[in-house]
Each structure stands twice: as C-alpha cells, then as structure tokens.
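Colleague: First the structure, then my questions, so here it is.
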Amino acid sequence: MTSADDAGARGVMRPRGLLLPYAEIFRIPRAWRFSLAGIIGRMPMAMFGLGTVLLISAVTGRYGVAGSVAAAGSLGGAASAPQIARLVDTRGQHRVLVPLVLIFVASVAGLIIAVELDAPDWALFLPGIVAGATMPSLGPMARARWSALLGSSPRLHTAFSLESVADEVCFVLGPAIVTLLATQLHPAAGVASAALLCLAGTLWFASQRSTEPRVRVVAASSRPAHFGHRPLLPAPGLVVLIPVYLCLGSMFVAIDLSTVAFAAHAGHKPLAGFILGSYALGSATGGLWYGTRSWKAPAWRRLAITLTMTVAGVCTFWAMPNLLLLTLVIYLCGMTIAPTLIAGFSLLESQALPGRITEAMSWLTTGISVGVALGATAVGFILDAFGARWGYAFAACSGGASVLLCLAGLRRLAR
C-alpha cells in the first residue's frame, strides 16, 4: 500500500474539486520538497540554450557561431543523457548528481570567461558542449522518485502529469527570465542565473535521500549466464518512441522559430515570446486537467490519440492570417502537448526493465533534443528562403511523420 493509500485508509479528510488528486500525492511525506527542488534545478533546460545565444551574439555580434554553440550543447546533452541515467540507476541519484552539477557550473563559468576574453571559436565550443553534456536532467529523476513512492497506484498518473506541467512552467518562465537578465542587466547574466538555479535546485534535490529510489543490486550468484548481454534499450517501446519524439522535437523548434519569423514579418517581433508562452500555458492547462482524470484506455492508445490531436492543430498554423488568431489557436492546440508527453512517460514506466526506469525516461528527452538540433538547422534554411508559413509547413510535416511512426509501431507499444 502506498503512502497515499495509507492516508485514505486512516480516513483523512480529502479536498474536493480539480486539485483533489494533486493534494493526495502531496500528502506523501517530503514529496513536495523533491518536486519543487526538481523544478528549480531544471529551469536551465529552458534557459541555457537561449542564454548562450544571447551571450555570444551580444559580445561577438555573430549569431551563426552563437547558434552553433547552443546546438552543440544540445547534442552533447542528447549523447550523454542515457549514460548518465544509467549511472543514476546503478549508483544512486545523490552520488551522480553532486559531481555532475559542479562540472556543469564550472563549464558555464568557462564559457562566460571564454566569450568575455574574445577567445577563438573552438574555445567556445568546448565549454558549451561540456555544459550541455553535464546539465542535470532532473525531470526523469523526479518521475523515478514518484514511481518508487507510488508504485502501481493510480496516483502515479497524477504525479507524472504534475511533472509535465512543471516542465511547461519552466518553458513559460525560463525564456522570459533569461532574456530580461541578458538584455537589461549583462549579457552573461542569463546563463549565470541558469547555472545558479541549477546548482541550488540540484543540490537540494540530491540532499533528500529519504525519497531517493533504491539502487537495484543483483547478487553475483543470482545472475544468469547471459547477464553481461543486457539489452541496449531499457524498454522495448523505445524502438518506436525515440523516432516519434525526435520528430516531435523537430516540430517544436520549427514552431518556435517560425513564430519568431511570423511576428517579425508582422512588425511585432517582441510578441513572439508572448505567443510561445501561450503555447506552453495551453500545455500546462491541458496537463493539469489530464492529471485529474482516471483513464481506462491504455497508455499506448492515449498516446496515439493525443499525438494525432496535437499534430492536427499544428497543421493549421500556416493558414493563420494574423498574430491574434495565431495566439488563440496556438493556446488551444497546446492543450494536448502535455497529455501526449505524460502518456509517453507512463508507457515507459510500465515497460522499463528492472532497475532502468530513469534511463528509459531519459531516452525521450534525448530524442527531443536531437530533433531540436536537427530541426533548427533545417527550418533555419527554410525560413531564410521561403518565410514563416513554409516553416509552419515543415513543422506540420515533422508532426505528421511522428504520427505515422507512432501508428506503425502501435503493436510494439501495446506489448
């Protein structure tokens, strides 16, 4: 019986309404602490890339180099995330996170120094890649803690919904904070604040040992003869979900860049941040509602439905006549994003091999990161040559590819 179930068995009065499921999971001792620490510690995921671009472009005046360094950092993170998650599953969150965040902070400091000293381009790429590769990914680790605390309880769905909403809150607040600091205070203030938030949140998260998932230890005598041949992927569904999420990452970045281009063409470029913030706000709204429902449909079916709805909405963006209508439509379409991501994490939680749940969830982040890096390059050329509407068309094509890949792999996801 989980802690949430214990509370119900003791007859504790429960609040009613939309927030009831969230109130129930926060009755678990110390649960709110690691969840809040995880939100603070993962703010840099929405700040570091943009902060890097703002820093380098402000000091050097070269947007090409700035974008390339940011993309290299994203690829570094995508390459290292599964390996770091594997270490977390085998050695524990605390032992991995503390040295990892210290390396991240040191590499960010190195990047700032290199930019300020007008170092050659290669000297910018080195700390940029190291920072991207060592930025702690607290989202999967927080979900792993919820999974350990709630087990097979229906409230695990609510906890995953909460974490997805937290991701969207980061993407609403992060870009605004980093832009304000970098443009109004100092070019380096954006990435520096990202590093400090990451340091504070990660150390607080890692210090909470009582909610940390236990490391799964397999005795040598109980290992089968073929133990050394462990599967490459920690969950069978990742064969389908990795390419699906890669296409989603490409779609997301195409929407971001196309919205900036569309707003600039309309003569209101500063409104691009507000429009994209409404997209994330729509996702947070949908995620909160989604987490309060008890779903009978299996996760793989919910994933297919919400993914199709998400992409169907994106397919209308190219036809928007003005920014006002785009803002309304983009908010409504955003309401299915968090449910899509929640269904994917729930599916992996049920399929992950023993002792590899953090690694399994990190692969989804890796897929999105690679998609963002590849999509940003492709859509950049499209925007330069053809304009924002064709950028939205590219986003629709990327989304369509993700739907087709998901539908083609439903049989594997349903296993």
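Ligands are numbered from 1 in the order shown, chains are lettered A, B, ... in the order of the structure tokens, and residues start at 1 in each chain.
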Residues near Arg214 (chain A), anyone? I mean within 12 Å using only C-alpha atoms, not counting same-chain ones fewer than 6 positions away, as a list in words.

Modeller: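 With the cut-off at 12 Å, the set is Val88, Asp89, Thr90, Arg91, Gly92, Gln93, His94, Ala144, Arg145, Ser147, Ala148, Leu149, Pro354, Gly355, Arg356, Ile357 and Thr358 of chain A.
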
Colleague: Could you write out the selected residues, including N, CA and C atoms, as a PDB file, in the first residue's frame?

Modeller:
```
ATOM      1  N   VAL A  88      22.890   6.737 -12.754  1.00  0.00           N
ATOM      2  CA  VAL A  88      21.956   7.049 -11.672  1.00  0.00           C
ATOM      3  C   VAL A  88      21.225   5.790 -11.220  1.00  0.00           C
ATOM      4  N   ASP A  89      20.783   4.977 -12.169  1.00  0.00           N
ATOM      5  CA  ASP A  89      20.062   3.752 -11.820  1.00  0.00           C
ATOM      6  C   ASP A  89      20.940   2.752 -11.083  1.00  0.00           C
ATOM      7  N   THR A  90      22.237   2.736 -11.381  1.00  0.00           N
ATOM      8  CA  THR A  90      23.121   1.725 -10.798  1.00  0.00           C
ATOM      9  C   THR A  90      23.871   2.222  -9.559  1.00  0.00           C
ATOM     10  N   ARG A  91      24.040   3.547  -9.420  1.00  0.00           N
ATOM     11  CA  ARG A  91      24.822   4.075  -8.304  1.00  0.00           C
ATOM     12  C   ARG A  91      24.044   5.015  -7.393  1.00  0.00           C
ATOM     13  N   GLY A  92      22.873   5.458  -7.820  1.00  0.00           N
ATOM     14  CA  GLY A  92      22.075   6.339  -6.985  1.00  0.00           C
ATOM     15  C   GLY A  92      22.136   7.783  -7.443  1.00  0.00           C
ATOM     16  N   GLN A  93      21.049   8.509  -7.218  1.00  0.00           N
ATOM     17  CA  GLN A  93      20.959   9.887  -7.688  1.00  0.00           C
ATOM     18  C   GLN A  93      21.969  10.797  -7.009  1.00  0.00           C
ATOM     19  N   HIS A  94      22.105  10.689  -5.694  1.00  0.00           N
ATOM     20  CA  HIS A  94      22.978  11.594  -4.955  1.00  0.00           C
ATOM     21  C   HIS A  94      24.428  11.478  -5.413  1.00  0.00           C
ATOM     22  N   ALA A 144      11.149   9.189 -11.527  1.00  0.00           N
ATOM     23  CA  ALA A 144      11.590   7.928 -10.935  1.00  0.00           C
ATOM     24  C   ALA A 144      11.275   7.898  -9.441  1.00  0.00           C
ATOM     25  N   ARG A 145      11.401   9.029  -8.767  1.00  0.00           N
ATOM     26  CA  ARG A 145      11.062   9.073  -7.332  1.00  0.00           C
ATOM     27  C   ARG A 145       9.562   8.858  -7.134  1.00  0.00           C
ATOM     28  N   SER A 147       7.616   7.202  -9.073  1.00  0.00           N
ATOM     29  CA  SER A 147       7.356   5.798  -9.379  1.00  0.00           C
ATOM     30  C   SER A 147       7.715   4.905  -8.196  1.00  0.00           C
ATOM     31  N   ALA A 148       8.836   5.221  -7.534  1.00  0.00           N
ATOM     32  CA  ALA A 148       9.244   4.426  -6.370  1.00  0.00           C
ATOM     33  C   ALA A 148       8.284   4.619  -5.205  1.00  0.00           C
ATOM     34  N   LEU A 149       7.750   5.835  -5.035  1.00  0.00           N
ATOM     35  CA  LEU A 149       6.864   6.117  -3.922  1.00  0.00           C
ATOM     36  C   LEU A 149       5.453   5.576  -4.131  1.00  0.00           C
ATOM     37  N   PRO A 354      13.729  -3.845 -15.048  1.00  0.00           N
ATOM     38  CA  PRO A 354      14.045  -3.598 -13.638  1.00  0.00           C
ATOM     39  C   PRO A 354      15.360  -2.839 -13.462  1.00  0.00           C
ATOM     40  N   GLY A 355      15.304  -1.788 -12.654  1.00  0.00           N
ATOM     41  CA  GLY A 355      16.493  -1.013 -12.361  1.00  0.00           C
ATOM     42  C   GLY A 355      16.918  -0.046 -13.442  1.00  0.00           C
ATOM     43  N   ARG A 356      16.074   0.177 -14.493  1.00  0.00           N
ATOM     44  CA  ARG A 356      16.486   1.048 -15.600  1.00  0.00           C
ATOM     45  C   ARG A 356      15.414   2.083 -15.937  1.00  0.00           C
ATOM     46  N   ILE A 357      14.603   2.457 -14.963  1.00  0.00           N
ATOM     47  CA  ILE A 357      13.497   3.358 -15.256  1.00  0.00           C
ATOM     48  C   ILE A 357      13.977   4.774 -15.583  1.00  0.00           C
ATOM     49  N   THR A 358      14.975   5.285 -14.858  1.00  0.00           N
ATOM     50  CA  THR A 358      15.495   6.622 -15.154  1.00  0.00           C
ATOM     51  C   THR A 358      16.118   6.666 -16.534  1.00  0.00           C
TER      52      THR A 358
END
```

Colleague: Could you pull the residues within 8 Å of Asp256 (chain A), counting only C-alpha atoms, minus those fewer than 4 positions along the same chain, as a list in words?

Modeller: Phe252, Val260 and Leu276 of chain A

Colleague: Deliver the residues from the most recent selection as a file, using N, CA, C and O atoms, as a JSON list (two decimals), in the first residue's frame.

Modeller:
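Result file is out-v8.json:
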```
[["chain", "number", "residue", "atom", "x", "y", "z"],
["A", 252, "PHE", "N", 8.58, 21.02, -32.60],
["A", 252, "PHE", "CA", 8.55, 22.08, -31.59],
["A", 252, "PHE", "C", 9.47, 23.24, -31.96],
["A", 252, "PHE", "O", 9.10, 24.41, -31.86],
["A", 260, "VAL", "N", 8.67, 33.30, -34.35],
["A", 260, "VAL", "CA", 9.52, 34.50, -34.29],
["A", 260, "VAL", "C", 9.54, 35.18, -35.66],
["A", 260, "VAL", "O", 9.40, 36.41, -35.76],
["A", 276, "LEU", "N", 4.52, 32.23, -27.86],
["A", 276, "LEU", "CA", 5.08, 30.92, -27.50],
["A", 276, "LEU", "C", 4.80, 30.60, -26.03],
["A", 276, "LEU", "O", 4.61, 29.43, -25.67]]
```

Colleague: Which of these, A:Ser193, A:Ser350, A:Thr285, A:Thr310, has the shortest distance to Gly399 (chain A) once you count only C-alpha atoms?

Modeller: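 Between A:Ser193, A:Ser350, A:Thr285, A:Thr310, the residue approaching Gly399 (chain A) most closely is A:Thr310.
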
Colleague: Identify which of the residues A:Trp295, A:Ala385, A:Gly400, A:Ala81 lies closest to Leu364 (chain A), counting only C-alpha atoms when measuring atom-to-atom distances.

Modeller: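 Closest to Leu364 (chain A), using only C-alpha atoms: A:Ala81.
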
Colleague: What is the distance, in Å and to one decimal place, between CA of Ala23 (chain A) and CA of Gly291 (chain A)?

Modeller: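 Between CA of Ala23 (chain A) and CA of Gly291 (chain A) the gap works out to 11.8 Å.
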
Colleague: When you look at Arg411 (chain A) with a cut-off of 12 Å (counting only C-alpha atoms), what residues show up, excluding the ones that are within fewer than 4 positions of it in the same chain? I need them as a VMD selection string.

Modeller: chain A and resid 236 to 237 239 to 240 300 to 301 304 405 to 407 415

Colleague: Write out as a ChimeraX atom specification the residues lying within 6 Å of Gly190 (chain A), counting only C-alpha atoms and excluding same-chain residues fewer than 2 positions away.

Modeller: /A:51,178,181-182,188,192-193

Colleague: Here is a test: counting only C-alpha atoms, which residue of A:Ala235, A:Ala71, A:Val115, A:Ala142 is nearest to Leu162 (chain A)?

Modeller: A:Ala142
